[in-house]
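*Asks:* So that you have it, the file is upload-v3.cif, and it contains mmCIF, C-alpha atoms:
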```
data_work
loop_
_atom_site.label_atom_id
_atom_site.label_comp_id
_atom_site.auth_asym_id
_atom_site.auth_seq_id
_atom_site.Cartn_x
_atom_site.Cartn_y
_atom_site.Cartn_z
CA MET A 1 112.84 121.97 69.53
CA ILE A 2 112.57 121.64 73.30
CA SER A 3 114.22 124.13 75.62
CA GLN A 4 117.08 123.39 78.01
CA ASN A 5 114.65 123.58 80.92
CA GLU A 6 112.34 121.02 79.29
CA TYR A 7 115.31 118.76 78.57
CA GLN A 8 116.34 118.89 82.23
CA MET A 9 112.79 117.99 83.29
CA LEU A 10 112.84 115.06 80.87
CA LYS A 11 116.20 113.86 82.24
CA ASN A 12 114.81 113.99 85.77
CA ALA A 13 111.67 112.09 84.76
CA MET A 14 113.38 109.63 82.39
CA PRO A 15 116.81 108.61 83.78
CA PHE A 16 117.45 106.33 80.80
CA LEU A 17 118.02 109.40 78.59
CA ALA A 18 121.60 109.58 79.86
CA THR A 19 122.30 106.04 78.62
CA LEU A 20 121.04 106.54 75.05
CA SER A 21 123.30 107.08 72.09
CA GLN A 22 123.29 110.60 70.65
CA GLU A 23 121.34 109.34 67.64
CA ASP A 24 118.62 107.67 69.71
CA ARG A 25 118.41 110.62 72.09
CA ASN A 26 117.99 113.03 69.21
CA ALA A 27 115.31 110.85 67.61
CA LEU A 28 113.32 110.83 70.86
CA LEU A 29 113.70 114.55 71.48
CA GLN A 30 112.78 115.41 67.90
CA SER A 31 109.48 113.59 68.37
CA ALA A 32 108.62 115.88 71.30
CA ILE A 33 106.05 118.62 70.85
CA HIS A 34 104.69 121.34 73.11
CA GLY A 35 101.07 121.26 74.17
CA HIS A 36 98.84 123.71 76.02
CA PHE A 37 95.46 122.45 77.21
CA ASP A 38 92.69 124.42 78.84
CA LYS A 39 90.96 123.26 82.00
CA GLY A 40 88.58 120.40 81.22
CA GLU A 41 90.11 119.61 77.82
CA THR A 42 90.67 115.93 76.96
CA ILE A 43 94.28 115.11 76.13
CA HIS A 44 94.08 111.32 75.77
CA ASP A 45 90.80 109.58 74.96
CA GLY A 46 92.01 105.97 75.22
CA THR A 47 91.58 105.20 71.51
CA ARG A 48 95.09 106.05 70.29
CA CYS A 49 98.73 106.10 71.33
CA THR A 50 99.03 109.76 72.30
CA GLY A 51 102.57 109.49 73.64
CA VAL A 52 104.37 109.99 76.93
CA LEU A 53 103.13 113.13 78.71
CA LEU A 54 105.44 115.28 80.84
CA VAL A 55 103.65 117.90 82.94
CA LYS A 56 105.50 121.23 82.77
CA SER A 57 102.83 123.11 84.70
CA GLY A 58 99.25 122.50 85.73
CA CYS A 59 97.56 119.22 86.62
CA LEU A 60 96.27 116.15 84.75
CA ARG A 61 93.50 113.80 85.86
CA VAL A 62 93.75 110.16 84.80
CA TYR A 63 90.43 108.33 84.98
CA LEU A 64 88.20 105.52 83.73
CA LEU A 65 84.84 106.02 82.03
CA SER A 66 82.18 103.30 82.07
CA GLU A 67 79.69 102.66 79.28
CA GLU A 68 77.07 104.30 81.50
CA GLY A 69 79.17 107.46 81.75
CA ARG A 70 80.38 106.93 85.29
CA GLU A 71 83.88 108.33 85.94
CA VAL A 72 86.43 107.01 88.43
CA THR A 73 89.50 109.15 89.03
CA LEU A 74 92.61 106.97 89.31
CA TYR A 75 95.26 109.57 90.11
CA ARG A 76 96.48 113.06 89.30
CA LEU A 77 99.78 114.21 87.81
CA PHE A 78 101.56 117.46 88.65
CA GLU A 79 104.63 119.41 87.53
CA GLY A 80 107.49 117.05 86.69
CA ASP A 81 105.28 113.93 86.59
CA ILE A 82 104.91 111.75 83.51
CA CYS A 83 102.06 109.64 82.16
CA ILE A 84 103.07 106.38 80.46
CA LEU A 85 99.57 104.87 80.11
CA SER A 86 98.85 107.42 77.38
CA ALA A 87 101.56 105.66 75.32
CA SER A 88 100.01 102.19 75.33
CA CYS A 89 101.75 101.29 72.07
CA ALA A 90 105.02 101.23 74.00
CA ILE A 91 103.80 98.41 76.26
CA HIS A 92 102.69 95.37 74.29
CA ASN A 93 99.48 93.60 75.32
CA LEU A 94 98.37 96.58 77.41
CA THR A 95 94.59 96.68 77.03
CA PHE A 96 93.90 98.97 79.98
CA ASP A 97 92.49 102.14 78.45
CA VAL A 98 92.43 105.32 80.50
CA LEU A 99 91.41 108.89 79.72
CA VAL A 100 93.44 111.96 80.59
CA ASP A 101 91.99 115.46 81.07
CA ALA A 102 93.55 118.78 82.05
CA GLU A 103 92.21 119.47 85.53
CA GLU A 104 93.48 123.04 85.20
CA ASP A 105 95.22 124.99 82.46
CA THR A 106 98.20 122.77 81.69
CA ASP A 107 101.40 122.85 79.63
CA LEU A 108 102.92 119.58 78.49
CA THR A 109 105.82 118.10 76.61
CA VAL A 110 104.50 115.15 74.58
CA ILE A 111 107.00 112.48 73.51
CA GLY A 112 105.79 110.77 70.33
CA GLY A 113 104.32 107.35 71.07
CA CYS A 114 105.82 105.67 68.01
CA ALA A 115 109.31 107.05 68.70
CA PHE A 116 109.14 105.92 72.32
CA ALA A 117 107.79 102.47 71.36
CA GLU A 118 110.56 101.99 68.79
CA LEU A 119 113.21 102.62 71.44
CA ALA A 120 111.42 100.41 73.96
CA ASP A 121 111.50 97.54 71.45
CA ARG A 122 115.27 97.87 70.98
CA ILE A 123 116.70 99.14 74.24
CA PRO A 124 116.16 97.21 77.49
CA GLU A 125 116.58 100.30 79.71
CA VAL A 126 113.68 102.03 77.96
CA LYS A 127 111.48 98.92 78.15
CA ILE A 128 112.26 98.47 81.85
CA PHE A 129 111.47 102.12 82.50
CA ALA A 130 108.09 101.82 80.72
CA LEU A 131 107.18 98.64 82.60
CA GLU A 132 108.22 100.04 85.98
CA ARG A 133 106.17 103.19 85.39
CA ALA A 134 103.17 101.09 84.34
CA VAL A 135 103.49 98.91 87.46
CA SER A 136 103.65 102.02 89.64
CA ASP A 137 100.54 103.43 87.94
CA PHE A 138 98.69 100.12 88.37
CA SER A 139 99.51 100.20 92.09
CA ASP A 140 97.67 103.52 92.30
CA VAL A 141 94.79 102.04 90.31
CA MET A 142 94.53 99.04 92.65
CA TRP A 143 94.49 101.37 95.67
CA VAL A 144 91.51 103.20 94.19
CA PHE A 145 89.61 99.97 93.57
CA GLU A 146 90.49 98.67 97.02
CA GLN A 147 88.89 101.80 98.44
CA ILE A 148 85.78 101.41 96.28
CA LEU A 149 85.33 97.71 97.02
CA PHE A 150 86.36 97.35 100.63
CA MET A 151 86.26 100.70 102.45
CA SER A 152 83.26 102.35 104.05
CA MET A 153 82.09 105.58 102.44
CA ASP A 154 82.92 107.73 105.46
CA ARG A 155 86.52 106.52 105.46
CA ARG A 156 86.86 106.97 101.69
CA LEU A 157 85.54 110.51 101.90
CA ALA A 158 87.80 111.34 104.85
CA ILE A 159 90.85 110.08 102.93
CA PHE A 160 89.81 112.08 99.88
CA LEU A 161 89.33 115.30 101.83
CA LEU A 162 92.67 114.91 103.61
CA ASP A 163 94.42 114.27 100.29
CA GLU A 164 92.90 117.44 98.87
CA LEU A 165 93.93 119.45 101.93
CA SER A 166 97.53 118.26 101.55
CA LYS A 167 97.70 119.98 98.15
CA SER A 168 96.94 123.44 99.55
CA ASN A 169 97.85 125.63 102.49
CA THR A 170 94.27 126.34 103.48
CA ASP A 171 91.49 124.47 105.24
CA THR A 172 89.11 124.97 102.30
CA ILE A 173 88.61 122.53 99.42
CA LYS A 174 87.31 124.30 96.32
CA LEU A 175 85.36 121.41 94.86
CA THR A 176 81.62 121.00 94.50
CA GLN A 177 79.84 117.92 95.79
CA GLU A 178 79.29 116.83 92.20
CA GLN A 179 83.02 117.10 91.47
CA ILE A 180 83.92 115.14 94.60
CA ALA A 181 81.47 112.41 93.63
CA LYS A 182 82.96 112.23 90.14
CA TYR A 183 86.52 112.03 91.42
CA MET A 184 85.59 109.33 93.92
CA GLY A 185 83.50 107.31 91.47
CA SER A 186 80.41 107.65 93.64
CA ALA A 187 76.92 109.13 93.36
CA ARG A 188 76.39 112.78 94.23
CA GLU A 189 73.57 111.87 96.59
CA VAL A 190 75.85 109.55 98.59
CA VAL A 191 78.56 112.21 98.90
CA SER A 192 75.95 114.82 99.85
CA ARG A 193 74.54 112.64 102.65
CA MET A 194 77.99 111.89 104.04
CA LEU A 195 79.04 115.56 103.95
CA LYS A 196 75.79 116.46 105.69
CA TYR A 197 76.67 113.95 108.42
CA PHE A 198 80.23 115.34 108.70
CA SER A 199 78.76 118.83 108.93
CA GLY A 200 76.36 117.80 111.69
CA GLU A 201 79.30 116.36 113.62
CA GLY A 202 81.20 119.63 113.30
CA ILE A 203 83.93 118.11 111.13
CA VAL A 204 83.30 120.19 108.01
CA GLU A 205 81.29 123.19 106.91
CA ASN A 206 79.57 123.02 103.54
CA LEU A 207 80.18 126.18 101.55
CA ARG A 208 78.91 127.37 98.20
CA GLY A 209 81.24 125.68 95.72
CA GLY A 210 83.47 124.15 98.38
CA ILE A 211 84.03 122.64 101.81
CA ARG A 212 85.88 123.95 104.86
CA VAL A 213 87.42 121.39 107.19
CA LYS A 214 86.85 122.44 110.80
CA ASP A 215 88.21 119.39 112.66
CA LYS A 216 91.15 117.78 110.85
CA LYS A 217 91.95 115.59 113.87
CA ARG A 218 88.57 113.85 113.75
CA LEU A 219 88.81 113.55 109.97
CA ARG A 220 92.15 111.75 110.36
CA ALA A 221 90.60 109.43 112.95
CA ILE A 222 87.88 108.44 110.49
CA ALA A 223 90.48 107.89 107.76
CA MET A 224 92.54 105.51 109.91
#
```
Let's see the structure in the file written out as structure tokens.

*Replies:*
Amino acid sequence: MISQNEYQMLKNAMPFLATLSQEDRNALLQSAIHGHFDKGETIHDGTRCTGVLLVKSGCLRVYLLSEEGREVTLYRLFEGDICILSASCAIHNLTFDVLVDAEEDTDLTVIGGCAFAELADRIPEVKIFALERAVSDFSDVMWVFEQILFMSMDRRLAIFLLDELSKSNTDTIKLTQEQIAKYMGSAREVVSRMLKYFSGEGIVENLRGGIRVKDKKRLRAIAM
């Protein structure tokens, strides 16, 4: 049984809950389970309908994995966010498979995929919610591919570094060059060369296991 706090988080993330009958609401909530996942653990591997994921604490990384093992990070989810692409059974004809990992120790509420899909088939508000969430997620996906296909590497890296800085109150990004390359869907050697160039220009300082941004103004100029 979910707690009152979890129920409030679900109501905030899924406004249609207030429109459901008591019977349908109970059926959906009874399908919910708690989940704790350690950093690096795979939550959704793209081969099954895991369900709708609500992040209670921590961070999820949603990404694609090529046959050659290359990863492209699509977006991240934080406290209060939900993942609908992990419940592909709720959206018919969705053949876009993603993977979801815990980027840090994470607690989730998982709404059963079958229970959610059954409501989506019967209740227009649930179907509309699922489709709108999927469209929003695909917008993020298209932004990533637009960057990969049409942006120069220096601009992509500048945007990435600024995005990472916005998540913390420091000027240091605690990611290795290998991690940055993985998240950006690039090769480590390419990221390393570009960071070396940024370092030579006095924009960043390469640290052991991280990067310190020294000139945020110039980084923003490159990102424009």

*Asks:* With 5 Å added on each side, what axis-aligned box encloses every listed atom of segment 152-170 of chain A? Give the centre and edge lengths in Å to one decimal, as AutoDock Vina command-line options.

*Replies:*
```
--center_x 90.0 --center_y 114.3 --center_z 101.8 --size_x 25.8 --size_y 34.0 --size_z 17.3
```

*Asks:* Run the PyMOL selection byres ((chain A and resi 75-79) around 6) against the file shown and list the residues it catches, as a list in words.

*Replies:* Val55, Lys56, Ser57, Cys59, Leu60, Arg61, Val62, Thr73, Leu74, Gly80 and Asp81 of chain A

*Asks:* With the PyMOL selection byres ((chain A and resi 201-205) around 9) as the selection, what would be picked from this file? Answer as a list in words, please.

*Replies:* Leu195, Lys196, Tyr197, Phe198, Ser199, Gly200, Asn206, Leu207, Gly210, Ile211, Arg212, Val213, Lys214, Asp215, Lys216, Lys217, Arg218 and Leu219 of chain A

*Asks:* Taking only C-alpha atoms into account, name the residue in A:Ala18, A:Ala187, A:Cys89, A:Ala13 that is nearest to Met153 of chain A.

*Replies:*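 Counting only C-alpha atoms, the residue closest to Met153 of chain A is A:Ala187.
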
*Asks:* Name the residues captured by the PyMOL selection byres ((chain A and resi 27) around 12) when it is applied to the shown file; answer as a list in words.

*Replies:*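 Selection result, ordered by chain and number: Met1, Leu17, Leu20, Ser21, Gln22, Glu23, Asp24, Arg25, Asn26, Leu28, Leu29, Gln30, Ser31, Ala32, Ile111, Gly112, Cys114, Ala115, Phe116, Ala117, Glu118 and Leu119 of chain A.
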
*Asks:* Between A:Leu165, A:Leu53, A:Ser3, A:Lys174, which residue has the minimum interatomic distance to Thr106 of chain A, considering only C-alpha atoms?

*Replies:*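 Closest to Thr106 of chain A, using only C-alpha atoms: A:Leu53.
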
*Asks:* Return the single residue from A:Thr109, A:Val98, A:Thr42, A:Met184 that is closest to Ala158 of chain A, with distances computed using only C-alpha atoms.

*Replies:*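 So, comparing all the options, the nearest one is A:Met184.
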
*Asks:* Could you work out how far atom CA of Asp154 of chain A lies from atom CA of Arg208 of chain A, giving the answer in Å with one decimal?

*Replies:*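 Separation of atom CA of Arg208 of chain A and atom CA of Asp154 of chain A: 21.3 Å.
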
*Asks:* For Asp105 of chain A, which residue among A:Ile33, A:Ile43, A:Ile173, A:Val191 is the nearest when counting only C-alpha atoms?

*Replies:*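 Among the listed residues, A:Ile43 lies closest to Asp105 of chain A.
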
*Asks:* For the point (86.3, 105.0, 107.1) in the file's frame, write as a PDB file with C-alpha atoms, keeping the file's coordinate frame all residues with an atom no more than 6 Å away, counting all atoms listed in the file.

*Replies:*
```pdb
ATOM      1  CA  SER A 152      83.260 102.350 104.050  1.00  0.00           C
ATOM      2  CA  ASP A 154      82.920 107.730 105.460  1.00  0.00           C
ATOM      3  CA  ARG A 155      86.520 106.520 105.460  1.00  0.00           C
ATOM      4  CA  ARG A 156      86.860 106.970 101.690  1.00  0.00           C
ATOM      5  CA  ILE A 222      87.880 108.440 110.490  1.00  0.00           C
ATOM      6  CA  ALA A 223      90.480 107.890 107.760  1.00  0.00           C
TER       7      ALA A 223
END
```

*Asks:* So which one's closest to Leu175 of chain A, A:Leu108, A:Val126, A:Glu103, A:Asp137? Using only C-alpha atoms, please.

*Replies:* A:Glu103

*Asks:* Using atom CA of Val141 of chain A and atom CA of Glu67 of chain A as the two end points, give the distance in Å to one decimal.

*Replies:*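 Atom-to-atom, atom CA of Val141 of chain A to atom CA of Glu67 of chain A, that is 18.7 Å.
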
*Asks:* Which residues are near segment 133-136 of chain A? Cut-off 8 Å, only C-alpha atoms, ignore same chain within fewer than 4 positions. Put them as a list in words.

*Replies:*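 Using only C-alpha atoms, the neighbours found are Ile84, Leu85, Phe129 and Asp140 of chain A.
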
*Asks:* Selection from above, C-alpha atoms, as a CSV table (one decimal), in the coordinates of the input, can you write it?

*Replies:*
```csv
chain,number,residue,atom,x,y,z
A,84,ILE,CA,103.1,106.4,80.5
A,85,LEU,CA,99.6,104.9,80.1
A,129,PHE,CA,111.5,102.1,82.5
A,140,ASP,CA,97.7,103.5,92.3
```

*Asks:* What is the distance, in Å and to one decimal place, between atom CA of Ser66 of chain A and atom CA of Phe96 of chain A?

*Replies:*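 That distance, rounded to one decimal, is 12.7 Å.
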
*Asks:* Closest to Ala221 of chain A among A:Ser88, A:Glu104, A:Leu162, A:Glu125, using only C-alpha atoms?

*Replies:*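 Between A:Ser88, A:Glu104, A:Leu162, A:Glu125, the residue approaching Ala221 of chain A most closely is A:Leu162.
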